[in-house]
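Asks: Okay, so here is work_11.cif, and as you'll see once you scroll down, it has mmCIF, C-alpha atoms and all ligand atoms.
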data_input
loop_
_atom_site.label_atom_id
_atom_site.label_comp_id
_atom_site.auth_asym_id
_atom_site.auth_seq_id
_atom_site.Cartn_x
_atom_site.Cartn_y
_atom_site.Cartn_z
CA MET A 144 15.18 3.37 18.05
CA ALA A 145 18.49 4.16 19.72
CA ASN A 146 21.70 3.71 17.71
CA ALA A 147 22.78 0.09 18.01
CA VAL A 148 26.23 -0.51 19.45
CA LYS A 149 28.47 -2.44 17.07
CA ALA A 150 31.44 -4.73 17.66
CA ILE A 151 34.92 -3.26 17.19
CA ARG A 152 36.31 -3.43 13.64
CA GLY A 153 38.46 -6.52 13.14
CA MET A 154 37.06 -8.22 16.25
CA ASN A 155 34.53 -10.85 15.28
CA ASP A 156 31.58 -12.51 16.89
CA ILE A 157 31.59 -16.25 16.39
CA LEU A 158 27.95 -17.19 15.97
CA PRO A 159 26.34 -20.58 16.69
CA ASN A 160 26.26 -21.65 13.04
CA GLU A 161 30.04 -21.33 13.05
CA SER A 162 31.03 -22.00 16.65
CA TYR A 163 30.45 -25.75 16.36
CA ARG A 164 33.38 -25.80 13.95
CA TRP A 165 35.51 -24.04 16.60
CA ILE A 166 34.47 -26.58 19.20
CA PHE A 167 35.38 -29.43 16.88
CA PHE A 168 38.77 -27.82 16.27
CA GLU A 169 39.44 -27.14 19.96
CA GLN A 170 38.56 -30.67 20.98
CA ALA A 171 40.70 -32.18 18.21
CA VAL A 172 43.62 -29.98 19.22
CA GLN A 173 43.31 -30.91 22.88
CA ARG A 174 43.30 -34.64 22.09
CA TRP A 175 46.28 -34.17 19.80
CA LEU A 176 48.32 -32.21 22.37
CA SER A 177 47.50 -34.64 25.10
CA ALA A 178 48.71 -37.50 22.87
CA TYR A 179 52.14 -35.83 22.84
CA GLY A 180 52.24 -35.07 26.56
CA TYR A 181 51.71 -31.29 26.33
CA ARG A 182 49.89 -29.68 29.26
CA ASN A 183 47.75 -26.57 29.26
CA ILE A 184 48.84 -23.23 30.72
CA ARG A 185 46.48 -20.24 31.02
CA THR A 186 47.85 -16.74 31.46
CA PRO A 187 46.07 -13.37 31.64
CA ILE A 188 45.14 -11.57 28.43
CA VAL A 189 46.70 -8.35 29.72
CA GLU A 190 50.36 -7.99 30.72
CA GLN A 191 52.80 -5.21 31.54
CA THR A 192 53.72 -3.53 28.24
CA ASP A 193 57.37 -4.00 29.07
CA LEU A 194 57.07 -7.79 28.80
CA PHE A 195 56.23 -7.61 25.09
CA VAL A 196 58.66 -4.80 24.31
CA ARG A 197 61.52 -6.73 25.90
CA SER A 198 60.68 -10.09 24.36
CA ILE A 199 59.26 -9.36 20.91
CA GLY A 200 61.75 -6.53 20.31
CA GLU A 201 61.45 -2.77 20.12
CA VAL A 202 61.94 -2.48 16.38
CA THR A 203 59.37 -5.01 15.21
CA ASP A 204 56.03 -4.44 13.46
CA ILE A 205 54.18 -5.78 16.48
CA VAL A 206 55.76 -3.48 19.05
CA GLU A 207 56.09 -0.46 16.77
CA LYS A 208 52.55 -0.34 15.43
CA GLU A 209 50.32 -3.29 16.31
CA MET A 210 49.98 -3.39 20.10
CA TYR A 211 46.89 -2.37 22.01
CA THR A 212 48.61 -0.48 24.79
CA PHE A 213 46.82 1.67 27.34
CA VAL A 214 47.41 3.27 30.69
CA ASP A 215 45.49 1.83 33.60
CA HIS A 216 44.39 5.16 35.01
CA LEU A 217 43.83 3.70 38.46
CA ASN A 218 47.55 3.20 39.02
CA ASN A 219 49.25 4.58 35.88
CA ASP A 220 50.61 1.18 34.77
CA SER A 221 51.20 0.74 31.06
CA LEU A 222 49.37 -2.42 30.04
CA THR A 223 49.06 -4.27 26.74
CA LEU A 224 46.57 -6.78 25.36
CA ARG A 225 48.73 -9.77 24.48
CA PRO A 226 49.72 -9.77 20.79
CA GLU A 227 51.10 -13.31 21.05
CA GLY A 228 51.46 -16.00 23.70
CA THR A 229 55.11 -16.98 24.05
CA ALA A 230 56.11 -13.96 26.15
CA SER A 231 53.31 -14.53 28.67
CA CYS A 232 54.01 -18.25 28.82
CA VAL A 233 57.71 -17.66 29.48
CA ARG A 234 56.89 -15.00 32.09
CA ALA A 235 54.66 -17.45 33.94
CA VAL A 236 57.22 -20.25 33.72
CA ILE A 237 59.85 -17.98 35.26
CA GLU A 238 57.52 -16.50 37.86
CA HIS A 239 56.43 -19.93 39.10
CA ASN A 240 59.83 -21.54 38.62
CA LEU A 241 58.34 -24.39 36.55
CA LEU A 242 61.68 -25.36 35.05
CA TYR A 243 62.86 -26.35 38.53
CA ASN A 244 60.91 -29.55 37.90
CA GLY A 245 62.68 -30.21 34.62
CA PRO A 246 61.76 -29.37 31.02
CA GLN A 247 58.16 -28.44 30.34
CA ARG A 248 55.90 -29.24 27.40
CA LEU A 249 53.13 -26.64 27.45
CA PHE A 250 50.32 -25.26 25.30
CA TYR A 251 47.83 -22.40 25.43
CA ALA A 252 44.92 -21.30 23.30
CA GLY A 253 42.98 -18.08 23.09
CA PRO A 254 42.57 -14.61 21.63
CA MET A 255 45.50 -12.37 20.66
CA PHE A 256 45.28 -8.70 19.74
CA ARG A 257 47.12 -6.80 17.02
CA HIS A 258 46.12 -3.50 15.47
CA GLU A 259 46.44 -4.52 11.83
CA ARG A 260 44.35 -3.65 8.78
CA PRO A 261 41.47 -6.14 8.91
CA GLN A 262 41.12 -8.36 5.83
CA LYS A 263 40.47 -12.01 5.06
CA GLY A 264 42.65 -14.05 7.42
CA ARG A 265 43.88 -10.97 9.30
CA TYR A 266 41.95 -9.63 12.26
CA ARG A 267 42.54 -7.39 15.27
CA GLN A 268 41.34 -10.04 17.67
CA PHE A 269 42.39 -13.43 16.35
CA HIS A 270 43.01 -16.78 17.98
CA GLN A 271 46.11 -18.87 18.36
CA VAL A 272 46.99 -22.25 19.71
CA GLY A 273 50.57 -22.06 20.92
CA VAL A 274 52.85 -24.92 21.84
CA GLU A 275 56.05 -24.37 23.81
CA ALA A 276 58.77 -26.84 24.82
CA LEU A 277 60.95 -25.19 27.45
CA GLY A 278 64.24 -26.48 28.81
CA PHE A 279 65.05 -28.62 25.75
CA ALA A 280 68.22 -27.83 23.79
CA GLY A 281 68.39 -30.48 21.12
CA PRO A 282 67.09 -30.56 17.57
CA ASP A 283 64.98 -33.59 18.54
CA ILE A 284 62.37 -31.37 20.20
CA ASP A 285 62.36 -29.02 17.19
CA ALA A 286 61.61 -32.09 15.08
CA GLU A 287 58.92 -33.30 17.47
CA LEU A 288 57.11 -29.97 17.21
CA ILE A 289 57.18 -30.14 13.42
CA VAL A 290 56.23 -33.81 13.19
CA MET A 291 53.28 -33.31 15.50
CA CYS A 292 52.03 -30.46 13.32
CA ALA A 293 52.05 -32.77 10.31
CA ARG A 294 49.97 -35.25 12.26
CA LEU A 295 47.46 -32.57 13.20
CA TRP A 296 47.00 -31.52 9.57
CA ASP A 297 46.11 -35.14 8.71
CA PHE A 298 43.78 -35.28 11.66
CA LEU A 299 41.99 -32.11 10.54
CA GLY A 300 41.75 -33.23 6.91
CA ILE A 301 44.11 -30.48 5.73
CA SER A 302 46.29 -31.21 2.72
CA GLY A 303 48.75 -29.29 0.60
CA LEU A 304 50.58 -27.43 3.36
CA ARG A 305 54.19 -26.68 2.58
CA LEU A 306 56.80 -26.69 5.34
CA GLU A 307 59.58 -24.12 5.14
CA ILE A 308 62.48 -24.31 7.54
CA SER A 309 65.61 -22.31 8.13
CA THR A 310 68.18 -21.54 10.76
CA LEU A 311 69.15 -18.17 12.15
CA GLY A 312 72.29 -19.42 13.90
CA ASN A 313 73.40 -18.42 17.37
CA ALA A 314 73.71 -14.91 18.80
CA GLU A 315 77.34 -14.49 17.69
CA SER A 316 76.79 -15.59 14.12
CA ARG A 317 73.75 -13.36 13.90
CA ALA A 318 75.82 -10.41 15.15
CA LEU A 319 78.49 -11.12 12.55
CA HIS A 320 75.89 -11.43 9.83
CA ARG A 321 74.25 -8.21 10.93
CA ILE A 322 77.47 -6.27 10.47
CA ARG A 323 77.96 -7.71 6.96
CA LEU A 324 74.34 -7.02 6.08
CA ILE A 325 74.43 -3.40 7.25
CA LYS A 326 77.58 -2.84 5.25
CA TYR A 327 75.95 -4.30 2.13
CA LEU A 328 72.73 -2.35 2.57
CA GLU A 329 74.62 0.88 3.17
CA GLN A 330 76.32 0.40 -0.16
CA HIS A 331 72.86 0.25 -1.74
CA ARG A 332 71.19 2.99 0.28
CA ASP A 333 69.60 4.49 -2.85
CA SER A 334 67.45 1.39 -3.41
CA LEU A 335 66.06 1.26 0.12
CA ASP A 336 62.49 2.35 0.81
CA GLU A 337 61.60 4.58 3.74
CA ASP A 338 60.80 1.72 6.15
CA SER A 339 64.06 -0.02 5.35
CA LEU A 340 66.13 3.11 5.78
CA ARG A 341 64.69 3.51 9.23
CA ARG A 342 65.56 -0.09 10.06
CA LEU A 343 68.99 -0.11 8.54
CA HIS A 344 70.76 0.11 11.88
CA THR A 345 68.06 -1.19 14.19
CA ASN A 346 66.68 -4.29 12.48
CA PRO A 347 68.45 -4.92 9.17
CA LEU A 348 67.35 -8.57 9.04
CA ARG A 349 63.75 -7.41 8.75
CA ILE A 350 64.64 -5.48 5.58
CA LEU A 351 65.08 -8.81 3.82
CA ASP A 352 61.42 -9.51 4.52
CA SER A 353 60.27 -6.44 2.55
CA LYS A 354 57.69 -7.09 -0.14
CA HIS A 355 58.64 -3.88 -1.99
CA PRO A 356 59.09 -4.91 -5.67
CA GLN A 357 61.85 -2.36 -6.19
CA MET A 358 63.96 -4.01 -3.49
CA GLN A 359 63.66 -7.63 -4.54
CA GLN A 360 66.87 -7.72 -6.54
CA LEU A 361 68.79 -6.10 -3.72
CA ILE A 362 67.40 -8.68 -1.30
CA GLU A 363 68.23 -11.51 -3.67
CA HIS A 364 71.93 -10.60 -3.67
CA ALA A 365 72.27 -9.74 0.02
CA PRO A 366 74.81 -11.70 2.09
CA LYS A 367 73.36 -14.99 3.27
CA LEU A 368 73.21 -15.85 6.95
CA MET A 369 74.17 -19.42 6.02
CA ASP A 370 77.66 -18.20 5.10
CA ASP A 371 78.17 -16.75 8.58
CA LEU A 372 76.65 -19.67 10.45
CA ASP A 373 78.47 -21.16 13.46
CA GLU A 374 79.38 -24.84 13.41
CA GLU A 375 77.06 -25.88 16.23
CA SER A 376 74.03 -24.27 14.61
CA CYS A 377 74.93 -25.99 11.34
CA ALA A 378 75.05 -29.35 13.09
CA HIS A 379 71.78 -28.63 14.87
CA PHE A 380 70.13 -27.80 11.55
CA GLU A 381 71.57 -30.90 9.87
CA THR A 382 70.22 -33.18 12.60
CA LEU A 383 66.80 -31.56 12.42
CA GLN A 384 66.70 -32.21 8.68
CA ARG A 385 67.80 -35.81 9.17
CA ILE A 386 65.02 -36.53 11.67
CA LEU A 387 62.43 -34.88 9.45
CA ARG A 388 63.53 -37.01 6.49
CA GLU A 389 63.45 -40.16 8.63
CA GLN A 390 59.92 -39.28 9.70
CA GLY A 391 58.82 -38.74 6.12
CA ILE A 392 58.23 -35.00 6.46
CA ASN A 393 58.81 -33.01 3.27
CA PHE A 394 60.29 -29.56 3.65
CA ASP A 395 61.82 -26.70 1.71
CA ILE A 396 64.78 -24.81 3.09
CA ASN A 397 64.02 -21.11 2.81
CA LEU A 398 67.04 -19.16 3.93
CA ARG A 399 65.06 -15.95 3.64
CA LEU A 400 62.61 -17.00 6.32
CA VAL A 401 62.60 -14.07 8.72
CA ARG A 402 60.25 -14.18 11.65
CA GLY A 403 58.62 -10.97 12.81
CA LEU A 404 59.74 -11.39 16.40
CA ASP A 405 63.28 -10.78 17.61
CA TYR A 406 63.57 -13.63 20.07
CA TYR A 407 64.16 -16.43 17.57
CA ASN A 408 67.51 -18.12 17.00
CA ARG A 409 68.58 -21.31 15.20
CA THR A 410 65.54 -23.26 13.92
CA VAL A 411 62.64 -21.31 12.45
CA PHE A 412 59.77 -22.77 10.44
CA GLU A 413 56.46 -21.94 8.82
CA TRP A 414 53.62 -24.00 7.40
CA VAL A 415 52.27 -22.26 4.32
CA THR A 416 49.34 -22.83 1.97
CA ASP A 417 48.49 -21.38 -1.45
CA LYS A 418 44.78 -21.77 -0.75
CA LEU A 419 44.31 -18.66 1.41
CA GLY A 420 45.74 -15.91 -0.79
CA ALA A 421 48.13 -13.48 0.84
CA GLN A 422 47.46 -14.74 4.38
CA GLY A 423 48.99 -18.15 3.64
CA THR A 424 51.00 -18.83 6.81
CA VAL A 425 48.87 -20.92 9.15
CA CYS A 426 51.51 -21.92 11.68
CA ALA A 427 54.91 -20.54 12.54
CA GLY A 428 57.57 -20.91 15.17
CA GLY A 429 61.11 -21.65 16.09
CA ARG A 430 63.74 -21.80 18.74
CA TYR A 431 64.20 -18.99 21.29
CA ASP A 432 67.15 -20.02 23.45
CA GLY A 433 67.89 -16.52 24.76
CA LEU A 434 64.40 -15.36 25.73
CA ILE A 435 64.06 -16.91 29.18
CA GLU A 436 67.28 -15.27 30.36
CA GLN A 437 66.38 -12.03 28.58
CA ILE A 438 63.25 -11.59 30.65
CA GLY A 439 64.81 -12.46 33.96
CA GLY A 440 64.92 -16.25 34.21
CA LYS A 441 67.84 -18.63 34.58
CA PRO A 442 69.19 -19.31 31.08
CA ALA A 443 67.35 -22.21 29.45
CA PRO A 444 66.76 -23.18 25.82
CA ALA A 445 63.28 -23.42 24.35
CA CYS A 446 61.35 -23.91 21.14
CA GLY A 447 57.73 -23.39 20.14
CA PHE A 448 55.18 -22.39 17.55
CA ALA A 449 51.76 -20.81 17.23
CA MET A 450 49.01 -21.51 14.74
CA GLY A 451 46.29 -19.17 13.56
CA VAL A 452 42.91 -20.73 14.32
CA GLU A 453 40.86 -18.57 11.90
CA ARG A 454 43.17 -19.39 9.00
CA LEU A 455 43.15 -23.11 9.82
CA LEU A 456 39.35 -23.21 10.04
CA THR A 457 39.07 -21.51 6.64
CA LEU A 458 41.59 -23.95 5.24
CA MET A 459 39.62 -26.91 6.61
CA GLN A 460 36.60 -25.56 4.75
CA GLU A 461 38.67 -25.20 1.57
CA CYS A 462 39.82 -28.80 1.99
CA GLY A 463 36.24 -29.98 2.48
CA THR A 464 36.70 -31.37 6.00
CA GLY A 465 33.23 -32.50 7.08
CA ILE A 466 32.12 -31.38 10.54
CA ASP A 467 28.65 -32.24 11.77
CA PRO A 468 26.70 -29.18 12.91
CA GLN A 469 25.32 -29.30 16.42
CA VAL A 470 21.73 -30.65 16.31
CA PRO A 471 19.78 -32.39 19.07
CA ASP A 472 19.08 -36.12 18.84
CA VAL A 473 15.55 -35.56 20.02
CA TYR A 474 13.06 -32.68 20.03
CA LEU A 475 10.48 -33.31 22.72
CA ILE A 476 6.94 -32.20 21.97
CA HIS A 477 4.28 -32.15 24.67
CA HIS A 478 0.70 -30.97 24.91
CA GLY A 479 -1.79 -30.96 27.77
CA ASP A 480 -1.55 -29.48 31.25
CA GLN A 481 -1.29 -32.76 33.10
CA VAL A 482 1.67 -34.00 30.94
CA LEU A 483 4.10 -31.16 31.62
CA SER A 484 5.85 -32.67 34.60
CA TYR A 485 5.92 -36.13 32.90
CA ALA A 486 7.46 -34.52 29.80
CA TRP A 487 10.22 -32.86 31.83
CA LYS A 488 10.92 -36.17 33.58
CA CYS A 489 11.14 -37.95 30.21
CA ALA A 490 13.54 -35.30 28.87
CA GLU A 491 15.90 -35.83 31.83
CA GLY A 492 15.51 -39.62 31.44
CA LEU A 493 16.60 -39.37 27.78
CA ARG A 494 19.56 -37.19 28.74
CA ASP A 495 20.49 -39.89 31.28
CA GLN A 496 20.57 -42.27 28.31
CA GLY A 497 23.15 -40.01 26.69
CA LEU A 498 20.89 -38.26 24.18
CA ASP A 499 20.88 -34.53 23.42
CA VAL A 500 17.32 -33.43 24.02
CA MET A 501 15.68 -30.12 23.16
CA LEU A 502 12.50 -29.76 25.21
CA HIS A 503 9.83 -27.64 23.58
CA CYS A 504 9.14 -24.47 25.55
CA GLY A 505 6.44 -21.91 24.88
CA GLY A 506 3.36 -24.06 24.35
CA GLY A 507 1.38 -24.23 21.09
CA SER A 508 -0.44 -26.95 19.16
CA PHE A 509 1.11 -30.31 18.26
CA LYS A 510 1.29 -29.09 14.68
CA SER A 511 3.22 -25.91 15.45
CA GLN A 512 5.55 -27.80 17.79
CA MET A 513 6.19 -30.33 15.03
CA LYS A 514 7.33 -27.49 12.76
CA LYS A 515 9.82 -26.40 15.44
CA ALA A 516 11.02 -29.99 15.76
CA ASP A 517 11.68 -30.14 12.01
CA ALA A 518 13.49 -26.82 12.04
CA SER A 519 15.69 -27.89 14.95
CA GLY A 520 17.44 -30.46 12.76
CA ALA A 521 16.75 -33.19 15.34
CA LYS A 522 16.71 -36.80 14.18
CA TYR A 523 13.58 -37.69 16.13
CA ALA A 524 10.59 -36.10 17.73
CA VAL A 525 9.42 -37.60 21.00
CA ILE A 526 5.73 -36.81 21.40
CA ILE A 527 3.88 -36.79 24.70
CA GLY A 528 0.14 -36.18 24.96
CA ASP A 529 -2.61 -37.45 27.21
CA ASP A 530 -2.52 -40.97 25.70
CA GLU A 531 1.21 -41.36 26.23
CA PHE A 532 0.93 -39.95 29.75
CA ASN A 533 -1.88 -42.38 30.66
CA ALA A 534 0.08 -45.35 29.30
CA GLN A 535 3.37 -44.00 30.77
CA LEU A 536 4.97 -44.43 27.33
CA VAL A 537 6.25 -42.01 24.67
CA SER A 538 5.62 -41.74 20.92
CA LEU A 539 8.65 -41.62 18.70
CA LYS A 540 8.69 -40.21 15.19
CA SER A 541 11.65 -40.11 12.85
CA LEU A 542 12.10 -36.68 11.30
CA ARG A 543 14.47 -37.96 8.62
CA GLU A 544 13.02 -41.27 7.41
CA SER A 545 9.48 -42.21 6.53
CA VAL A 546 8.89 -44.84 9.16
CA ALA A 547 5.65 -45.11 11.09
CA GLN A 548 5.36 -43.39 14.45
CA ALA A 549 5.73 -45.93 17.30
CA THR A 550 4.71 -45.85 20.94
CA VAL A 551 7.49 -47.26 23.12
CA PRO A 552 8.74 -47.32 26.71
CA LEU A 553 11.09 -44.41 27.52
CA HIS A 554 14.06 -46.68 28.13
CA ASP A 555 13.93 -48.03 24.55
CA VAL A 556 14.29 -44.60 22.94
CA ALA A 557 18.08 -44.25 23.00
CA GLU A 558 18.63 -47.59 21.30
CA ILE A 559 16.18 -46.81 18.51
CA VAL A 560 17.58 -43.31 17.98
CA ARG A 561 21.13 -44.61 17.82
CA GLN A 562 20.21 -47.12 15.12
CA GLN A 563 19.58 -44.21 12.81
CA ILE A 564 22.69 -42.25 12.04
P1 LIG B 601 51.83 -12.63 9.20
O1 LIG B 601 53.12 -12.69 8.45
O2 LIG B 601 50.69 -13.29 8.45
O3 LIG B 601 51.50 -11.27 9.71
P2 LIG B 601 53.04 -13.24 11.72
O4 LIG B 601 54.42 -13.62 11.35
O5 LIG B 601 52.78 -11.86 12.21
O6 LIG B 601 52.04 -13.54 10.47
P3 LIG B 601 53.03 -14.92 14.05
O7 LIG B 601 53.30 -13.84 14.99
O8 LIG B 601 54.09 -15.87 13.71
O9 LIG B 601 52.42 -14.29 12.70
O10 LIG B 601 51.71 -15.72 14.51
C1 LIG B 601 51.51 -17.09 14.23
C2 LIG B 601 50.27 -17.31 13.38
O11 LIG B 601 49.16 -16.59 13.89
C3 LIG B 601 50.39 -16.82 11.95
O12 LIG B 601 51.05 -17.76 11.15
C4 LIG B 601 48.94 -16.67 11.55
O13 LIG B 601 48.38 -17.92 11.18
C5 LIG B 601 48.30 -16.19 12.83
N1 LIG B 601 48.13 -14.74 12.81
C6 LIG B 601 49.05 -13.78 13.07
N2 LIG B 601 48.51 -12.55 13.00
C7 LIG B 601 47.20 -12.73 12.68
C8 LIG B 601 46.08 -11.84 12.49
N3 LIG B 601 46.20 -10.53 12.62
N4 LIG B 601 44.87 -12.39 12.18
C9 LIG B 601 44.72 -13.73 12.06
N5 LIG B 601 45.73 -14.61 12.26
C10 LIG B 601 46.96 -14.13 12.55
MG MG B 602 52.07 -10.07 11.34
#
Would it be possible to restate this file's structure as structure tokens?
Replies:
Amino acid sequence: MANAVKAIRGMNDILPNESYRWIFFEQAVQRWLSAYGYRNIRTPIVEQTDLFVRSIGEVTDIVEKEMYTFVDHLNNDSLTLRPEGTASCVRAVIEHNLLYNGPQRLFYAGPMFRHERPQKGRYRQFHQVGVEALGFAGPDIDAELIVMCARLWDFLGISGLRLEISTLGNAESRALHRIRLIKYLEQHRDSLDEDSLRRLHTNPLRILDSKHPQMQQLIEHAPKLMDDLDEESCAHFETLQRILREQGINFDINLRLVRGLDYYNRTVFEWVTDKLGAQGTVCAGGRYDGLIEQIGGKPAPACGFAMGVERLLTLMQECGTGIDPQVPDVYLIHHGDQVLSYAWKCAEGLRDQGLDVMLHCGGGSFKSQMKKADASGAKYAVIIGDDEFNAQLVSLKSLRESVAQATVPLHDVAEIVRQQI
């Protein structure tokens, strides 16, 4: 046998005994977003590399070491598989001038690509649902995004998520803070690890995110952004907190919350669980008021978040959310040459009645077909042989309950099947 070709490490197949859970999730998410007036936007999976470098930031983990970037040899363009969705969404909004029609509530869903070390909850192709509110300045939209998340967790049967919020202030206060931070870190150069030394002048804020045990004390005593915060950002943050309290949303303020993308300002937040080990952040986002202008649009404020679908699905399993696997209502068994066309007609007739029908293909005895019917997980077998064909009826047998087989007219089947849950 030839060597079998395998999937790429960290990029998973989602097989049928799992995909029904994805479908449940996707449908729930679509209903939820539609209930809040968010509309779907679909952008290409590949973009010009420059889009991500300019928006996510040159000195970030994503741009420095996680992007799948390649040269399109047909025209020498540098292209990148999208590592996240906000940049593409903003690019499309600018390119099609969507904000001309006023603020936009948008969402997208699909695969993202980051070259990370694969482990539980961390993959190289993973999936996000992203929600973006563009053209809104106030803290009310920040609150809406957070409140709607809380509603989704209820909807999905997820409990125990902790909300962490913080504010990064405006561009000026961040610049001021940066200077103070660099000064502080320079005084403690000896305690910095290699990564941090490299970032000292390029991305000092990221140093505070280091998990290095040796640096924890240094991080603990570093100057706090809160002390450099501008008045407007303070007020924005206060109002956000007030609305969240009014809406009964619990939160922790975590002033050390640093997001891995440069475009955030003011509000940032994460939903975190203890149930998934190290990969505990299931949803994260914040405000990015400067991004639209930064990548060539007319200045406009915006706020958004993205959630990790794989992590949420695992969490739903941990929380015991019940999702029915996909099984047919009816498995249709038929035997005899003259009944074939009648059997096909009956199958379509049952589908017209709204039933999911698996029609037996491949022939075989009644007995062997019955085994397939059992294995299919269907609730009922509909059986068609010469007798049923001659009477223009069908036989119906429950595969779950011990009730006698009955011969009935086709149009009665749906009602009987629906009586049994
Ligand atoms: P982390 O700190 O776990 O690396 P991040 O800050 O890089 O996360 P974001 O860019 O904010 O993540 O993406 C939003 C969400 O997407 C994350 O909270 C997480 O649920 C999910 N996510 C990010 N990277 C991965 C990945 N490699 N595999 C699976 N899910 C991911
Ligand atoms: Mg990451």
Asks: Identify, counting all atoms listed in the file, the protein, DNA and RNA residues located within 8 Å of ligand MG 602 (chain B), and give them as an mmCIF file with C-alpha atoms, in the coordinates of the input.
Replies:
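Saved result, part01.cif, follows:
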data_model
loop_
_atom_site.group_PDB
_atom_site.id
_atom_site.type_symbol
_atom_site.label_atom_id
_atom_site.label_comp_id
_atom_site.auth_asym_id
_atom_site.auth_seq_id
_atom_site.Cartn_x
_atom_site.Cartn_y
_atom_site.Cartn_z
ATOM 1 C CA ASP A 204 56.030 -4.440 13.460
ATOM 2 C CA ILE A 205 54.180 -5.780 16.480
ATOM 3 C CA GLU A 259 46.440 -4.520 11.830
ATOM 4 C CA GLY A 403 58.620 -10.970 12.810
#
Asks: Find the residues around A:Ala549 up to 12 Å (all atoms listed in the file counted), leave out those fewer than 5 positions away in its own chain, and share them as number ranges by chain.
Replies: A: 523-527, 531, 536-541, 555-556, 559
Asks: Enter the distance from atom CA of A:Arg152 to atom CA of A:Gly228, in Å, rounded to one decimal.
Replies: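 Going from atom CA of A:Arg152 over to atom CA of A:Gly228, I get 22.1 Å.
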Asks: Which distance in Å separates atom CA of A:Pro444 and atom CA of A:Ile325, to one decimal?
Replies: 28.2 Å
Asks: Counting only C-alpha atoms, which residues come within 10 Å of (56.0, -11.7, 20.7), with the point read in the file's coordinates, and could you list them as a compact mmCIF listing (two decimals) with C-alpha atoms, in the coordinates of the input?
Replies:
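Writing the result to part_15.txt gives the following:
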# COMPACT_ATOMS: atom_id res chain seq x y z
CA LEU A 194 57.07 -7.79 28.80
CA PHE A 195 56.23 -7.61 25.09
CA VAL A 196 58.66 -4.80 24.31
CA ARG A 197 61.52 -6.73 25.90
CA SER A 198 60.68 -10.09 24.36
CA ILE A 199 59.26 -9.36 20.91
CA GLY A 200 61.75 -6.53 20.31
CA THR A 203 59.37 -5.01 15.21
CA ILE A 205 54.18 -5.78 16.48
CA VAL A 206 55.76 -3.48 19.05
CA ARG A 225 48.73 -9.77 24.48
CA PRO A 226 49.72 -9.77 20.79
CA GLU A 227 51.10 -13.31 21.05
CA GLY A 228 51.46 -16.00 23.70
CA THR A 229 55.11 -16.98 24.05
CA ALA A 230 56.11 -13.96 26.15
CA SER A 231 53.31 -14.53 28.67
CA GLY A 403 58.62 -10.97 12.81
CA LEU A 404 59.74 -11.39 16.40
CA ASP A 405 63.28 -10.78 17.61
CA TYR A 406 63.57 -13.63 20.07
CA TYR A 407 64.16 -16.43 17.57
Asks: Taking (64.4, -2.3, -2.1) in the coordinates of the supplied file, I want to know which residues reach to within 7 Å of it, counting only C-alpha atoms; could you give the answer as a ChimeraX atom specification?
Replies: /A:334-336,355-359,361
Asks: Extract stretch 339-349 of chain A from the coordinates I pasted, and write it as a tab-separated table (two decimals), in the first residue's frame (atoms kept: N, CA and C atoms).
Replies:
chain	number	residue	atom	x	y	z
A	339	SER	N	11.94	39.52	27.05
A	339	SER	CA	11.58	40.83	27.59
A	339	SER	C	12.61	41.87	27.22
A	340	LEU	N	13.87	41.48	27.27
A	340	LEU	CA	14.93	42.43	26.89
A	340	LEU	C	14.73	42.91	25.47
A	341	ARG	N	14.36	41.97	24.62
A	341	ARG	CA	14.16	42.30	23.22
A	341	ARG	C	12.97	43.26	23.05
A	342	ARG	N	12.00	43.13	23.95
A	342	ARG	CA	10.79	43.93	23.82
A	342	ARG	C	10.83	45.24	24.60
A	343	LEU	N	11.90	45.41	25.33
A	343	LEU	CA	11.95	46.54	26.26
A	343	LEU	C	11.57	47.86	25.58
A	344	HIS	N	12.10	48.07	24.38
A	344	HIS	CA	11.81	49.34	23.72
A	344	HIS	C	10.76	49.24	22.62
A	345	THR	N	10.38	48.03	22.27
A	345	THR	CA	9.40	47.89	21.19
A	345	THR	C	7.99	47.65	21.72
A	346	ASN	N	7.87	46.78	22.73
A	346	ASN	CA	6.54	46.46	23.24
A	346	ASN	C	6.58	46.18	24.74
A	347	PRO	N	6.93	47.21	25.53
A	347	PRO	CA	7.14	46.97	26.97
A	347	PRO	C	5.88	46.47	27.69
A	348	LEU	N	4.72	46.87	27.20
A	348	LEU	CA	3.47	46.46	27.84
A	348	LEU	C	3.35	44.93	27.86
A	349	ARG	N	3.82	44.32	26.78
A	349	ARG	CA	3.75	42.87	26.64
A	349	ARG	C	4.60	42.16	27.70
